[in-house]
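Shown here: target.txt, compact mmCIF, C-alpha atoms.
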# COMPACT_ATOMS: atom_id res chain seq x y z
CA MET A 1 0.00 0.00 0.00
CA LYS A 2 1.25 3.47 -0.88
CA VAL A 3 0.96 6.55 1.31
CA MET A 4 -1.40 8.17 -1.21
CA ASP A 5 -3.80 5.26 -0.67
CA ILE A 6 -4.37 5.99 3.02
CA GLY A 7 -3.80 9.75 2.94
CA GLU A 8 -2.13 12.15 5.37
CA PHE A 9 -4.43 11.55 8.34
CA GLY A 10 -4.52 7.81 7.91
CA LEU A 11 -0.75 7.84 7.92
CA ILE A 12 -0.62 10.02 11.04
CA ALA A 13 -2.90 7.57 12.83
CA HIS A 14 -0.69 4.70 11.66
CA ILE A 15 2.46 6.46 12.94
CA ALA A 16 0.83 7.23 16.28
CA GLU A 17 -0.01 3.55 16.68
CA ILE A 18 3.60 2.52 15.91
CA ILE A 19 4.92 4.88 18.57
CA LYS A 20 2.28 3.81 21.09
CA LYS A 21 2.99 0.11 20.62
CA ARG A 22 6.78 0.17 20.40
CA SER A 23 7.76 2.84 22.94
CA SER A 24 8.58 2.22 26.58
CA LYS A 25 6.10 3.93 28.91
CA THR A 26 8.24 4.05 32.06
CA SER A 27 10.60 6.96 31.31
CA TYR A 28 10.63 10.43 32.87
CA ALA A 29 9.57 11.90 29.52
CA TRP A 30 6.47 9.67 29.20
CA ASN A 31 5.44 10.39 32.79
CA HIS A 32 5.58 14.16 32.16
CA LEU A 33 3.85 14.10 28.76
CA CYS A 34 0.41 15.72 28.85
CA LEU A 35 -0.52 15.60 25.14
CA GLY A 36 1.30 13.74 22.39
CA ILE A 37 0.51 13.03 18.75
CA GLY A 38 -3.01 13.99 17.70
CA ASP A 39 -3.40 17.58 18.87
CA ASP A 40 -2.20 20.92 17.48
CA ALA A 41 0.84 20.85 19.75
CA ALA A 42 2.52 18.45 22.12
CA ALA A 43 2.40 19.39 25.81
CA TRP A 44 4.46 18.32 28.79
CA SER A 45 5.17 19.55 32.30
CA THR A 46 8.66 20.75 33.18
CA SER A 47 10.82 21.09 36.24
CA ARG A 48 13.17 23.96 37.06
CA ALA A 49 16.12 23.10 34.83
CA ILE A 50 18.27 24.46 32.03
CA ASN A 51 16.40 23.49 28.87
CA LEU A 52 18.08 22.29 25.67
CA ALA A 53 16.83 22.28 22.08
CA THR A 54 18.46 21.17 18.86
CA THR A 55 17.24 20.60 15.33
CA ASP A 56 18.62 18.87 12.27
CA ILE A 57 17.40 18.10 8.78
CA MET A 58 18.18 15.20 6.47
CA ILE A 59 17.50 15.61 2.74
CA GLU A 60 17.56 12.85 0.16
CA GLU A 61 20.62 13.03 -2.13
CA VAL A 62 22.22 15.57 0.21
CA HIS A 63 22.51 13.63 3.47
CA PHE A 64 21.49 10.14 2.37
CA ASP A 65 20.80 8.01 -0.67
CA LEU A 66 18.06 5.38 -0.49
CA LYS A 67 20.17 3.14 -2.74
CA TYR A 68 22.52 2.68 0.23
CA THR A 69 20.34 3.41 3.25
CA GLY A 70 17.33 1.37 4.35
CA TRP A 71 14.29 3.07 5.87
CA TYR A 72 14.82 1.62 9.36
CA ASP A 73 18.42 2.82 9.37
CA LEU A 74 17.35 6.22 8.07
CA GLY A 75 14.90 6.60 10.95
CA TRP A 76 17.49 5.48 13.48
CA LYS A 77 20.17 7.87 12.20
CA SER A 78 17.85 10.87 11.93
CA ILE A 79 17.08 10.66 15.66
CA ALA A 80 20.60 9.60 16.65
CA SER A 81 22.23 12.65 15.06
CA ASN A 82 20.06 14.91 17.21
CA LEU A 83 20.65 12.82 20.33
CA SER A 84 24.35 13.29 19.73
CA ASP A 85 23.92 17.09 19.88
CA ILE A 86 22.33 16.74 23.31
CA ALA A 87 25.17 14.41 24.31
CA ALA A 88 27.70 17.05 23.26
CA MET A 89 26.14 19.34 25.89
CA GLY A 90 26.13 16.68 28.61
CA GLY A 91 22.33 16.85 28.65
CA VAL A 92 19.32 14.57 29.03
CA PRO A 93 17.18 14.13 25.87
CA LEU A 94 13.42 14.05 26.41
CA TYR A 95 11.13 14.76 23.43
CA ALA A 96 11.45 14.54 19.67
CA LEU A 97 9.28 16.32 17.10
CA VAL A 98 9.42 14.78 13.62
CA SER A 99 8.54 16.62 10.42
CA LEU A 100 8.45 14.53 7.24
CA ALA A 101 8.00 15.34 3.56
CA PHE A 102 8.00 12.67 0.83
CA PRO A 103 6.34 11.63 -2.46
CA GLY A 104 2.88 10.08 -2.39
CA ASP A 105 4.04 6.84 -3.99
CA VAL A 106 6.23 5.90 -1.02
CA GLU A 107 5.11 2.56 0.42
CA VAL A 108 3.45 2.67 3.85
CA GLU A 109 5.70 -0.18 4.96
CA ASN A 110 8.71 2.09 4.34
CA ILE A 111 7.29 4.81 6.60
CA THR A 112 6.53 2.08 9.15
CA ALA A 113 10.16 0.95 9.04
CA LEU A 114 11.33 4.57 9.29
CA TYR A 115 9.41 5.11 12.52
CA GLN A 116 10.43 1.75 13.92
CA GLY A 117 14.04 2.84 13.48
CA MET A 118 13.29 6.16 15.19
CA VAL A 119 11.60 4.47 18.13
CA GLY A 120 14.38 1.87 18.25
CA VAL A 121 17.09 4.40 19.08
CA ALA A 122 14.81 6.81 20.98
CA ASP A 123 13.86 4.06 23.43
CA ASN A 124 17.52 3.39 24.14
CA PHE A 125 17.64 6.83 25.75
CA GLN A 126 14.05 7.09 27.08
CA VAL A 127 13.08 9.71 24.50
CA VAL A 128 9.43 10.20 23.50
CA ILE A 129 8.46 11.03 19.90
CA SER A 130 5.68 13.43 20.84
CA GLY A 131 4.58 15.11 17.61
CA GLY A 132 5.51 16.52 14.23
CA ASN A 133 4.16 17.19 10.76
CA ILE A 134 3.74 15.48 7.37
CA SER A 135 3.77 17.07 3.92
CA PHE A 136 4.19 16.17 0.27
CA SER A 137 7.58 16.59 -1.39
CA LYS A 138 9.30 15.30 -4.52
CA GLN A 139 12.09 13.92 -2.35
CA VAL A 140 12.35 12.57 1.19
CA ILE A 141 13.04 15.21 3.83
CA ILE A 142 13.26 14.49 7.56
CA SER A 143 13.47 17.34 10.06
CA ILE A 144 13.90 16.53 13.75
CA THR A 145 13.64 18.87 16.72
CA LEU A 146 14.88 17.36 19.96
CA LEU A 147 14.20 18.87 23.37
CA GLY A 148 16.03 18.05 26.56
CA LYS A 149 17.42 19.45 29.78
CA ALA A 150 20.70 19.80 31.59
CA ALA A 151 21.51 17.01 34.03
CA GLY A 152 22.28 19.65 36.67
CA ASN A 153 23.31 23.27 36.52
CA LYS A 154 26.31 22.71 34.26
CA LEU A 155 26.74 22.08 30.55
CA LEU A 156 29.47 21.01 28.18
CA THR A 157 30.09 23.75 25.62
CA ARG A 158 32.57 24.54 22.86
CA ALA A 159 33.83 27.66 24.63
CA PHE A 160 35.82 26.33 27.60
CA ALA A 161 38.95 24.83 26.02
CA ARG A 162 42.06 26.35 27.61
CA GLN A 163 45.74 26.49 26.72
CA GLY A 164 47.47 23.43 28.15
CA ASP A 165 44.40 21.18 27.90
CA TYR A 166 44.75 17.81 26.26
CA VAL A 167 42.43 16.92 23.36
CA ALA A 168 40.78 13.49 23.55
CA ILE A 169 38.22 11.47 21.64
CA THR A 170 36.02 8.50 22.44
CA GLY A 171 35.89 5.45 20.19
CA TYR A 172 37.50 5.12 16.77
CA PRO A 173 37.14 8.03 14.33
CA GLY A 174 36.73 7.20 10.65
CA LEU A 175 34.60 4.07 10.92
CA SER A 176 31.47 5.82 9.64
CA ALA A 177 33.27 7.10 6.55
CA ALA A 178 34.57 3.58 5.99
CA GLY A 179 31.03 2.21 6.31
CA TYR A 180 29.78 4.64 3.69
CA GLU A 181 32.61 3.58 1.37
CA VAL A 182 31.65 -0.08 1.85
CA LEU A 183 28.04 0.73 0.89
CA ARG A 184 28.84 3.06 -1.98
CA LYS A 185 31.38 0.75 -3.63
CA LYS A 186 29.65 -2.50 -2.62
CA LEU A 187 32.89 -3.81 -1.15
CA ASP A 188 33.13 -7.46 -0.19
CA ILE A 189 34.67 -7.61 3.29
CA ARG A 190 34.50 -9.99 6.25
CA PRO A 191 31.11 -10.03 8.03
CA ASN A 192 32.47 -8.84 11.40
CA ALA A 193 34.31 -5.91 9.81
CA ARG A 194 31.28 -5.06 7.69
CA LYS A 195 28.98 -5.04 10.72
CA ILE A 196 31.19 -2.68 12.75
CA MET A 197 31.59 -0.21 9.88
CA LEU A 198 27.94 -0.25 8.81
CA ASP A 199 26.61 -0.03 12.36
CA THR A 200 28.79 3.01 12.98
CA HIS A 201 27.54 4.66 9.79
CA LEU A 202 23.87 3.65 9.82
CA ARG A 203 23.02 2.98 13.47
CA PRO A 204 25.28 5.10 15.65
CA LEU A 205 24.77 5.08 19.42
CA PRO A 206 25.26 8.63 20.70
CA ARG A 207 27.44 9.01 23.80
CA ILE A 208 24.67 10.34 26.06
CA ASN A 209 25.74 8.50 29.21
CA GLU A 210 29.44 8.98 28.56
CA ALA A 211 28.97 12.75 28.19
CA ARG A 212 27.34 13.00 31.59
CA ILE A 213 30.30 11.15 33.10
CA LEU A 214 32.64 13.65 31.44
CA LEU A 215 30.67 16.52 32.94
CA LYS A 216 30.59 14.99 36.43
CA ASN A 217 34.35 14.52 36.34
CA GLY A 218 35.37 18.04 35.42
CA VAL A 219 35.25 18.24 31.61
CA ARG A 220 33.79 21.56 30.46
CA SER A 221 34.46 21.70 26.71
CA ALA A 222 33.20 19.15 24.19
CA ILE A 223 31.57 18.60 20.80
CA ASP A 224 30.28 15.59 18.89
CA THR A 225 32.12 14.50 15.75
CA SER A 226 29.44 14.96 13.13
CA ASP A 227 31.31 17.13 10.62
CA GLY A 228 34.74 15.50 10.99
CA LEU A 229 37.39 15.47 13.71
CA VAL A 230 39.41 18.43 12.39
CA ALA A 231 36.33 20.49 11.51
CA ASP A 232 34.76 19.89 14.92
CA LEU A 233 37.96 20.66 16.81
CA THR A 234 38.12 23.86 14.76
CA HIS A 235 34.65 24.74 16.10
CA ILE A 236 35.93 24.32 19.67
CA CYS A 237 39.01 26.41 18.96
CA GLU A 238 36.99 29.20 17.37
CA ALA A 239 34.55 29.35 20.28
CA SER A 240 37.33 29.18 22.87
CA ARG A 241 39.72 31.56 21.05
CA VAL A 242 42.56 29.02 21.04
CA SER A 243 44.41 26.79 18.58
CA ALA A 244 45.15 23.07 18.66
CA ALA A 245 47.57 20.41 17.50
CA ILE A 246 46.67 16.83 16.57
CA TYR A 247 49.38 14.17 16.37
CA GLU A 248 48.93 11.50 13.72
CA THR A 249 50.73 8.88 15.80
CA ASN A 250 48.18 9.32 18.61
CA LEU A 251 45.07 8.76 16.49
CA PRO A 252 43.16 5.59 17.49
CA LEU A 253 42.74 3.98 14.08
CA HIS A 254 40.62 0.84 14.27
CA PRO A 255 42.45 -2.26 12.94
CA PHE A 256 39.72 -2.74 10.31
CA LEU A 257 40.32 0.78 9.06
CA ASN A 258 43.98 0.07 8.49
CA GLU A 259 43.25 -3.35 7.02
CA TYR A 260 40.69 -2.34 4.40
CA PHE A 261 41.53 1.32 3.79
CA PRO A 262 45.28 1.71 4.43
CA GLU A 263 45.60 4.64 2.03
CA LYS A 264 42.47 6.42 3.27
CA SER A 265 42.49 5.62 6.99
CA LEU A 266 44.03 8.94 8.03
CA GLU A 267 41.69 10.94 5.79
CA PHE A 268 38.64 9.06 7.11
CA ALA A 269 39.69 9.56 10.73
CA LEU A 270 40.43 13.27 10.39
CA THR A 271 37.69 14.46 8.03
CA GLY A 272 35.16 11.62 7.57
CA GLY A 273 32.53 12.76 10.06
CA GLU A 274 29.27 11.14 11.23
CA ASP A 275 31.04 9.06 13.87
CA TYR A 276 29.08 10.86 16.62
CA GLU A 277 31.89 10.36 19.10
CA LEU A 278 32.78 12.90 21.79
CA LEU A 279 35.73 15.19 21.17
CA PHE A 280 36.69 17.00 24.36
CA THR A 281 39.44 18.88 26.18
CA ALA A 282 40.64 18.83 29.78
CA GLY A 283 43.73 18.93 31.96
CA LYS A 284 45.83 15.88 32.84
CA ALA A 285 44.18 15.10 36.20
CA VAL A 286 40.70 15.13 34.66
CA MET A 287 41.83 13.01 31.70
CA ASP A 288 43.30 10.42 34.08
CA ARG A 289 39.97 10.16 35.92
CA ILE A 290 37.98 9.93 32.70
CA LYS A 291 40.03 7.05 31.33
CA ASN A 292 39.20 5.00 34.42
CA ARG A 293 35.48 5.77 34.41
CA LEU A 294 34.39 5.37 30.80
CA SER A 295 33.76 1.90 29.40
CA CYS A 296 34.51 3.01 25.83
CA PRO A 297 38.02 3.73 24.50
CA VAL A 298 39.35 7.22 25.27
CA THR A 299 42.46 8.47 23.47
CA ILE A 300 44.43 11.68 23.91
CA ILE A 301 45.19 12.86 20.37
CA GLY A 302 46.56 16.36 20.82
CA GLU A 303 46.69 19.54 22.86
CA ILE A 304 45.25 23.04 23.07
CA MET A 305 47.62 25.95 22.44
CA SER A 306 47.47 29.75 22.44
CA GLY A 307 48.10 30.31 18.72
CA THR A 308 45.80 31.77 16.08
CA PRO A 309 42.19 31.28 17.27
CA GLY A 310 40.46 28.53 15.32
CA GLU A 311 43.65 27.08 13.84
CA VAL A 312 44.06 23.29 13.99
CA LYS A 313 47.27 21.69 12.76
CA VAL A 314 47.89 17.98 12.22
CA PHE A 315 51.47 16.75 12.62
CA ASP A 316 52.81 13.52 11.12
CA LYS A 317 55.26 11.12 12.75
CA HIS A 318 58.17 13.32 11.66
CA GLY A 319 56.67 16.42 13.24
CA LYS A 320 55.75 17.99 9.91
CA SER A 321 52.40 19.69 9.42
CA ILE A 322 49.99 17.77 7.15
CA ASN A 323 48.17 19.81 4.53
CA LEU A 324 44.51 18.76 4.41
CA GLU A 325 42.51 19.47 1.25
CA ASN A 326 39.33 19.68 3.29
CA LYS A 327 38.66 19.63 7.02
CA GLY A 328 35.27 17.90 6.97
CA TRP A 329 31.65 18.25 5.89
CA ASP A 330 30.45 21.58 4.52
CA HIS A 331 26.85 21.76 3.26
CA TYR A 332 27.78 24.07 0.40
CA ARG A 333 30.98 22.32 -0.62
CA SER A 334 30.42 18.63 0.21
CA ARG A 335 28.17 16.16 -1.59
CA LEU A 336 27.41 12.44 -1.30

Would it be possible to restate this file's structure as structure tokens?
Amino acid sequence: MKVMDIGEFGLIAHIAEIIKKRSSKTSYAWNHLCLGIGDDAAAWSTSRAINLATTDIMIEEVHFDLKYTGWYDLGWKSIASNLSDIAAMGGVPLYALVSLAFPGDVEVENITALYQGMVGVADNFQVVISGGNISFSKQVIISITLLGKAAGNKLLTRAFARQGDYVAITGYPGLSAAGYEVLRKKLDIRPNARKIMLDTHLRPLPRINEARILLKNGVRSAIDTSDGLVADLTHICEASRVSAAIYETNLPLHPFLNEYFPEKSLEFALTGGEDYELLFTAGKAVMDRIKNRLSCPVTIIGEIMSGTPGEVKVFDKHGKSINLENKGWDHYRSRL
């Protein structure tokens, strides 16, 4: 059955039923929801807290290609990318508003899969999909607004990096770019390597819990790696009015990255983006505590300096600066 066969309001009722059936009802967000899907606006009660809001849009043939991305994965990633923004602030995600536009000949089962993917990752972090909008479009467009709150009275921001801080990252940068390359070129690789790369690219798990641990242990400056490691560190340096150095020999390159993409591993790690890891800065004592309290890998890859604000240099094993053709994703310069 196609969407045009059941119409806008039939589809909305179908989506509401998916969310009702598949969502957990025990979270803080559900217990404070007054009105969800079906009214002119969602409504919920709030406590005295610092509120957070982020929004992101995914456009077919700009951010994704349905030749490589399934509908479930598309739903998962659209929510996950917004969750990662809340993670970068050390916050608690609560409610998602979903606006969709797509052609009328899209199959209902595809929209069903899309929302199942959304609920799949949202439930991991007790987030309620509480409303949105649907419209016709010649291509698929997904716009998410995610609302949350600070865990306490402190936030992670881009503006608190200081000279002498170390620069660290969670996980393994570059795996998402590798996953996209596997999809795009239909590469035949071992199942375990394929799963790790594709899961990182299509079904990322934002570092919500890890970010709150960073905040509790003294980290004040962080960002998520959505645009690329160098580009995102540049954002921190610009906001904090500092510069930074990254050392190639310190980068945590996953063994599969070196095995399957030896000539591109450095490029993927530095500029690939969409890893949704946490890139953060802190002094030595804080870094030592963090390494003992996070279950995921944490690697110090560089340091903050007092040079030209916003400047990020990458040094190779010989201490020479590496010239990068691009630093990461730019909506007006980058394309799939």

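Considering only C-alpha atoms, the residue among A:Gly171, A:Gly10, A:Gly273, A:Pro206 positioned nearest to Ser295 (chain A) is A:Gly171.
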
>> For Ser81 (chain A), find every residue with an atom within 9 Å (counting all atoms listed in the file), except residues of its own chain fewer than 4 positions away, and show them as a PyMOL selection string.
In response: chain A and resi 56+76-77+85+204+206+226+274+276

>> Under the rule that all atoms listed in the file are counted, which of A:Gly117, A:Pro255, A:Gly164, A:Pro173 is the nearest residue to Ile18 (chain A)?
In response: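 When distances to Ile18 (chain A) are compared using all atoms listed in the file, the smallest one comes from A:Gly117.
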
> Of the candidates A:Ala16, A:Ile37, A:Leu114, A:Ala231, which shows the shortest atom-to-atom distance to Gly131 (chain A), using only C-alpha atoms?
Replying inline: A:Ile37

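Among the candidates A:Tyr166, A:Val106, A:Leu257, A:Asp188, the one nearest to Ala285 (chain A) when counting all atoms listed in the file is A:Tyr166.
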
>> Quick check, in Å to one decimal: how far apart do CA of Glu277 (chain A) and CA of Thr225 (chain A) lie?
In response: 5.3 Å

> Quick one: distance from CA of Ile304 (chain A) to CA of Leu156 (chain A) in Å, one decimal?
Replying inline: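 These two atoms are separated by 16.7 Å.
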
>> Report as number ranges by chain all protein, DNA and RNA residues lying within 12 Å of region 66-68 of chain A, evaluated on all atoms listed in the file, omitting residues in the same chain fewer than 4 positions from it.
In response: A: 59-62, 72-75, 106, 110, 114, 139-141, 179-186, 198, 201-202, 336

> Hey, which of A:Glu238, A:Asp65, A:Glu248, A:Asp275 ends up closest to Thr308 (chain A)? Count only C-alpha atoms.
Replying inline: A:Glu238

>> I want to know what sits within 7 Å of Arg241 (chain A), based on all atoms listed in the file, with residues of the same chain fewer than 4 positions away left out; could you give that as a PyMOL selection string?
In response: chain A and resi 237+309-310

> For Thr249 (chain A), which residue among A:Ile213, A:Ile208, A:Trp30, A:Gly302 is the nearest when counting only C-alpha atoms?
Replying inline: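 Checking each candidate against Thr249 (chain A), we get A:Gly302 as the closest.
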
> Could you state the separation of CA of Ala282 (chain A) and CA of Asp227 (chain A) in Å, given to one decimal place?
Replying inline: 21.4 Å

> Can you tell me, as a PyMOL selection string, what residues are no more than 12 Å from Leu11 (chain A) when counting only C-alpha atoms, ignoring any on the same chain fewer than 4 positions away?
Replying inline: chain A and resi 1-7+15-18+38+100+104+106-112+115+133-135

Step by step, gather every atom of region 105-120 of chain A that the file lists, find the box along x, y and z that holds them, add 5 Å on each side, and finally give centre and edge lengths in Å to one decimal, as AutoDock Vina command-line options.
--center_x 8.9 --center_y 3.3 --center_z 7.1 --size_x 20.9 --size_y 17.0 --size_z 32.2
